[in-house]
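Pasting data-v5.cif here (mmCIF, C-alpha atoms):
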data_run
#
loop_
_atom_site.label_atom_id
_atom_site.label_comp_id
_atom_site.auth_asym_id
_atom_site.auth_seq_id
_atom_site.Cartn_x
_atom_site.Cartn_y
_atom_site.Cartn_z
CA MET A 160 -63.00 1.40 78.37
CA LEU A 161 -62.09 -0.84 75.46
CA ASP A 162 -61.15 -4.42 76.03
CA SER A 163 -57.59 -5.08 74.81
CA ASN A 164 -58.85 -8.30 73.20
CA TYR A 165 -61.34 -6.41 71.04
CA LYS A 166 -60.83 -6.97 67.34
CA THR A 167 -62.64 -5.39 64.48
CA ARG A 168 -64.83 -7.88 62.71
CA ILE A 169 -64.75 -7.71 58.97
CA ASN A 170 -68.18 -7.89 57.48
CA ARG A 171 -68.15 -9.99 54.29
CA ALA A 172 -70.74 -7.77 52.58
CA LYS A 173 -68.67 -4.64 53.24
CA GLU A 174 -65.53 -6.39 52.02
CA ASP A 175 -67.35 -7.35 48.81
CA ALA A 176 -68.60 -3.76 48.36
CA VAL A 177 -65.05 -2.41 48.68
CA GLY A 178 -63.82 -5.09 46.25
CA ALA A 179 -66.49 -4.16 43.68
CA LEU A 180 -65.61 -0.47 44.01
CA ARG A 181 -61.89 -1.26 43.66
CA ASP A 182 -62.56 -3.32 40.53
CA GLU A 183 -64.56 -0.45 39.01
CA PHE A 184 -61.94 2.15 39.98
CA LYS A 185 -59.24 0.02 38.33
CA GLU A 186 -60.69 0.87 34.90
CA TYR A 187 -60.26 4.63 35.43
CA ASP A 188 -57.29 6.92 35.94
CA GLY A 189 -59.09 10.14 36.89
CA PHE A 190 -61.34 10.82 39.87
CA ILE A 191 -63.16 14.13 40.34
CA PHE A 192 -64.87 14.45 43.71
CA THR A 193 -68.13 16.36 44.03
CA ASN A 194 -70.66 17.24 46.70
CA TYR A 195 -74.07 16.29 45.35
CA ARG A 196 -76.14 17.49 48.33
CA GLY A 197 -79.37 19.11 47.16
CA LEU A 198 -79.47 17.51 43.73
CA THR A 199 -82.57 15.65 42.67
CA VAL A 200 -82.45 12.13 41.26
CA GLU A 201 -83.34 13.60 37.88
CA GLN A 202 -80.38 16.01 38.01
CA ILE A 203 -77.96 13.24 39.01
CA THR A 204 -79.34 11.07 36.20
CA GLN A 205 -78.74 13.91 33.73
CA ILE A 206 -75.14 14.31 34.95
CA ARG A 207 -74.58 10.56 34.56
CA LYS A 208 -76.00 10.65 31.03
CA THR A 209 -73.75 13.55 30.04
CA LEU A 210 -70.67 11.85 31.48
CA ARG A 211 -71.46 8.51 29.82
CA GLU A 212 -71.30 10.31 26.47
CA ASN A 213 -67.67 11.12 27.35
CA ASP A 214 -66.76 7.56 28.40
CA ALA A 215 -66.96 8.49 32.07
CA ALA A 216 -69.08 7.41 35.02
CA TYR A 217 -70.61 9.20 38.01
CA ARG A 218 -70.91 7.22 41.21
CA VAL A 219 -72.34 8.16 44.57
CA VAL A 220 -70.02 6.39 47.01
CA LYS A 221 -69.66 5.61 50.65
CA ASN A 222 -66.55 7.61 51.60
CA ARG A 223 -64.99 4.91 53.76
CA TYR A 224 -65.28 2.30 51.00
CA ALA A 225 -63.91 4.68 48.36
CA LYS A 226 -60.92 5.60 50.55
CA ILE A 227 -60.08 1.94 51.08
CA ALA A 228 -60.52 1.08 47.38
CA LEU A 229 -58.32 3.99 46.27
CA LYS A 230 -55.68 3.11 48.86
CA GLU A 231 -55.60 -0.49 47.62
CA LEU A 232 -54.98 0.87 44.10
CA ASP A 233 -52.13 3.12 45.36
CA LYS A 234 -54.21 6.21 44.56
CA SER A 235 -54.53 7.61 48.03
CA GLY A 236 -54.21 11.20 49.15
CA ALA A 237 -57.71 12.45 48.48
CA ASP A 238 -59.11 11.67 51.93
CA GLU A 239 -59.82 15.34 52.74
CA GLN A 240 -61.91 15.62 49.58
CA MET A 241 -64.12 12.72 50.63
CA ILE A 242 -65.89 14.37 53.53
CA GLY A 243 -69.65 14.63 53.52
CA PRO A 244 -71.89 13.43 50.68
CA THR A 245 -69.55 12.48 47.85
CA ALA A 246 -70.04 11.43 44.27
CA ILE A 247 -67.06 10.66 42.07
CA ALA A 248 -66.78 11.33 38.35
CA LEU A 249 -64.57 8.58 36.97
CA THR A 250 -62.55 9.45 33.85
CA LYS A 251 -60.40 7.52 31.40
CA GLY A 252 -57.44 8.75 29.41
CA ASP A 253 -57.57 12.30 28.14
CA THR A 254 -61.21 12.96 29.02
CA ALA A 255 -60.61 14.53 32.45
CA ASN A 256 -60.93 18.11 31.17
CA VAL A 257 -64.09 17.28 29.19
CA VAL A 258 -65.63 15.66 32.27
CA ALA A 259 -64.56 18.60 34.45
CA LYS A 260 -66.13 20.97 31.92
CA ALA A 261 -69.40 18.98 32.06
CA LEU A 262 -69.39 19.02 35.88
CA PHE A 263 -68.84 22.78 36.06
CA GLN A 264 -71.61 23.29 33.49
CA ALA A 265 -73.94 21.14 35.62
CA ALA A 266 -72.94 23.14 38.71
CA LYS A 267 -73.73 26.35 36.85
CA ASP A 268 -77.08 24.99 35.63
CA ASN A 269 -78.40 23.69 38.94
CA GLY A 270 -76.42 25.75 41.46
CA LYS A 271 -76.09 22.84 43.88
CA LEU A 272 -73.30 20.63 42.56
CA GLU A 273 -69.92 21.48 44.06
CA VAL A 274 -66.59 20.20 42.76
CA LYS A 275 -64.33 19.42 45.73
CA GLY A 276 -61.16 18.47 43.87
CA GLY A 277 -59.71 15.50 42.09
CA LEU A 278 -57.06 12.89 41.59
CA VAL A 279 -56.17 13.00 37.89
CA ASN A 280 -53.37 10.85 36.45
CA GLY A 281 -51.90 10.44 39.93
CA ALA A 282 -51.88 14.18 40.71
CA LEU A 283 -53.99 15.51 43.57
CA MET A 284 -55.83 18.65 42.44
CA THR A 285 -57.86 21.29 44.25
CA ALA A 286 -61.26 22.50 43.04
CA GLU A 287 -59.57 25.55 41.52
CA GLU A 288 -57.11 23.37 39.61
CA ILE A 289 -59.96 21.18 38.34
CA GLU A 290 -61.74 24.34 37.17
CA ALA A 291 -58.58 25.44 35.33
CA LEU A 292 -58.38 21.95 33.77
CA SER A 293 -61.97 22.31 32.58
CA LYS A 294 -61.02 25.43 30.62
CA LEU A 295 -58.24 23.73 28.65
CA PRO A 296 -58.95 22.64 25.08
CA THR A 297 -59.57 18.95 24.51
CA LYS A 298 -57.04 16.73 22.80
CA LEU A 299 -59.10 16.74 19.60
CA GLU A 300 -59.32 20.54 19.62
CA LEU A 301 -55.54 20.77 20.00
CA ILE A 302 -54.98 18.32 17.13
CA ALA A 303 -57.40 20.27 14.91
CA SER A 304 -55.59 23.50 15.73
CA LEU A 305 -52.23 21.92 14.95
CA MET A 306 -53.50 20.51 11.66
CA GLY A 307 -54.88 23.92 10.68
CA THR A 308 -51.54 25.51 11.46
CA MET A 309 -49.66 22.89 9.46
CA LYS A 310 -52.08 23.14 6.52
CA ALA A 311 -51.86 26.93 6.13
CA PRO A 312 -48.33 27.10 4.56
CA VAL A 313 -49.21 24.35 2.07
CA GLN A 314 -52.39 26.19 1.05
CA LYS A 315 -50.42 29.41 0.63
CA LEU A 316 -47.82 27.64 -1.53
CA ALA A 317 -50.54 26.09 -3.71
CA ALA A 318 -52.26 29.46 -4.16
CA THR A 319 -48.94 31.11 -5.05
CA LEU A 320 -48.11 28.43 -7.62
CA LEU A 321 -51.59 28.70 -9.12
CA ALA A 322 -51.27 32.49 -9.36
CA TYR A 323 -47.85 32.15 -10.96
CA GLN A 324 -49.20 29.67 -13.50
CA GLU A 325 -52.07 32.03 -14.37
CA LYS A 326 -49.63 34.94 -14.71
CA LEU A 327 -47.62 32.96 -17.26
CA GLY A 328 -50.78 32.50 -19.25
CA GLY A 329 -51.33 28.85 -18.43
CA SER A 330 -54.81 27.59 -17.93
CA GLN A 331 -56.04 25.57 -15.02
CA ALA A 332 -57.40 22.88 -17.31
CA GLU A 333 -53.94 21.76 -18.39
#

Once more with this new file: its structure as structure tokens, please.
Amino acid sequence: MLDSNYKTRINRAKEDAVGALRDEFKEYDGFIFTNYRGLTVEQITQIRKTLRENDAAYRVVKNRYAKIALKELDKSGADEQMIGPTAIALTKGDTANVVAKALFQAAKDNGKLEVKGGLVNGALMTAEEIEALSKLPTKLELIASLMGTMKAPVQKLAATLLAYQEKLGGSQAE
């Protein structure tokens, strides 16, 4: 039977750990939760290296601390995704789909990494939704496609004008 005067003591070290996690989480707006059980240190290091190339981080976290840190940042709702061994891929800006793509590639390569879901730009996402996000083109790919589409009519006009000039007997050197 619990004593009614019992109060939870706050351990300063744990409070500092939550504060450090909160400060790190503040820099990111996307969180993809994974189960890393069965991965070797070498495999986790490789995942971290790949994600760093995309301005992201990969952190193995204590679930309780991560839940508290996310709640303090008003980014709660992912509690059910932080059950069991959890590592979080932290993303900035428009890199969430690139990071998701890298995580699914790592899962395919080693067969042990499992994406549980995510919290991306304030939206709670299931593992299936994160997988769909990973299949979307990146922002740069979309811009390149748009530029190619915009450039095509101008190229066609230039070719038509050049052909018309040649038909009239004009030379290109003029």

Seminar exercise, completed: Using only C-alpha atoms, the shortest atom-to-atom distance to Gly178 (chain A) among A:Tyr224, A:Thr204, A:Asn194, A:Leu320 belongs to A:Tyr224

For this session: With a distance cut-off of 12 Å and all atoms listed in the file, select the neighbouring residues of Asn269 (chain A), excluding the residue or stretch itself and same-chain residues fewer than 4 positions from it, and output the selection as a VMD selection string.
Result: chain A and resid 195 to 199 201 to 203 205 to 206 262 to 265 273

Exercise. When distances are computed from all atoms listed in the file, which of A:Thr193, A:Thr245, A:Ser235, A:Gln240 shows the smallest separation from Val220 (chain A)?
Worked result: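 The answer is A:Thr245, which sits nearest to Val220 (chain A).
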
For this session: Please provide the set of residues having any atom within 12 Å of Thr250 (chain A), restricted to only C-alpha atoms, with same-chain residues fewer than 4 positions apart removed, written as a ChimeraX atom specification.
Result: /A:183-192,210-218,254-259,261-262,277-280

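Candidate residues A:Lys315, A:Lys310, A:Lys260, A:Lys221 were compared for distance to Thr209 (chain A), and the nearest is A:Lys260, using all atoms listed in the file.
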
N, CA and C atoms modelled onto region 254-279 of chain A, as a short mmCIF file (atom, residue, chain, number, x, y, z; two decimals), in the frame of the given file:
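In the end it all went to out-v4.cif:
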data_model
loop_
_atom_site.label_atom_id
_atom_site.label_comp_id
_atom_site.auth_asym_id
_atom_site.auth_seq_id
_atom_site.Cartn_x
_atom_site.Cartn_y
_atom_site.Cartn_z
N THR A 254 -59.87 12.36 28.92
CA THR A 254 -61.21 12.96 29.02
C THR A 254 -61.43 13.75 30.30
N ALA A 255 -60.42 13.86 31.16
CA ALA A 255 -60.61 14.53 32.45
C ALA A 255 -61.08 15.97 32.28
N ASN A 256 -60.51 16.71 31.31
CA ASN A 256 -60.93 18.11 31.17
C ASN A 256 -62.34 18.21 30.59
N VAL A 257 -62.73 17.27 29.73
CA VAL A 257 -64.09 17.28 29.19
C VAL A 257 -65.10 16.98 30.30
N VAL A 258 -64.76 16.01 31.15
CA VAL A 258 -65.63 15.66 32.27
C VAL A 258 -65.71 16.82 33.26
N ALA A 259 -64.57 17.44 33.55
CA ALA A 259 -64.56 18.60 34.45
C ALA A 259 -65.43 19.72 33.89
N LYS A 260 -65.33 19.94 32.59
CA LYS A 260 -66.13 20.97 31.92
C LYS A 260 -67.63 20.66 32.08
N ALA A 261 -68.00 19.39 31.91
CA ALA A 261 -69.40 18.98 32.06
C ALA A 261 -69.88 19.17 33.50
N LEU A 262 -69.01 18.85 34.46
CA LEU A 262 -69.39 19.02 35.88
C LEU A 262 -69.59 20.49 36.23
N PHE A 263 -68.69 21.35 35.76
CA PHE A 263 -68.84 22.78 36.06
C PHE A 263 -70.06 23.37 35.35
N GLN A 264 -70.39 22.85 34.18
CA GLN A 264 -71.61 23.29 33.49
C GLN A 264 -72.84 22.86 34.29
N ALA A 265 -72.82 21.62 34.81
CA ALA A 265 -73.94 21.14 35.62
C ALA A 265 -74.06 21.96 36.90
N ALA A 266 -72.93 22.31 37.50
CA ALA A 266 -72.94 23.14 38.71
C ALA A 266 -73.53 24.51 38.42
N LYS A 267 -73.20 25.04 37.25
CA LYS A 267 -73.73 26.35 36.85
C LYS A 267 -75.24 26.26 36.59
N ASP A 268 -75.67 25.16 35.97
CA ASP A 268 -77.08 24.99 35.63
C ASP A 268 -77.98 24.80 36.85
N ASN A 269 -77.52 23.99 37.81
CA ASN A 269 -78.40 23.69 38.94
C ASN A 269 -78.02 24.42 40.23
N GLY A 270 -76.83 24.98 40.30
CA GLY A 270 -76.42 25.75 41.46
C GLY A 270 -76.17 24.96 42.73
N LYS A 271 -76.25 23.64 42.67
CA LYS A 271 -76.09 22.84 43.88
C LYS A 271 -74.88 21.92 43.85
N LEU A 272 -74.46 21.51 42.68
CA LEU A 272 -73.30 20.63 42.56
C LEU A 272 -72.04 21.42 42.89
N GLU A 273 -71.16 20.82 43.68
CA GLU A 273 -69.92 21.48 44.06
C GLU A 273 -68.76 20.54 43.79
N VAL A 274 -67.79 20.99 43.02
CA VAL A 274 -66.59 20.20 42.76
C VAL A 274 -65.64 20.43 43.92
N LYS A 275 -65.22 19.33 44.56
CA LYS A 275 -64.33 19.42 45.73
C LYS A 275 -62.86 19.37 45.34
N GLY A 276 -62.56 18.65 44.28
CA GLY A 276 -61.16 18.47 43.87
C GLY A 276 -61.06 17.19 43.06
N GLY A 277 -59.85 16.72 42.87
CA GLY A 277 -59.71 15.50 42.09
C GLY A 277 -58.36 14.85 42.23
N LEU A 278 -58.29 13.68 41.67
CA LEU A 278 -57.06 12.89 41.59
C LEU A 278 -56.98 12.46 40.12
N VAL A 279 -56.21 13.22 39.33
CA VAL A 279 -56.17 13.00 37.89
C VAL A 279 -54.76 12.58 37.49
#
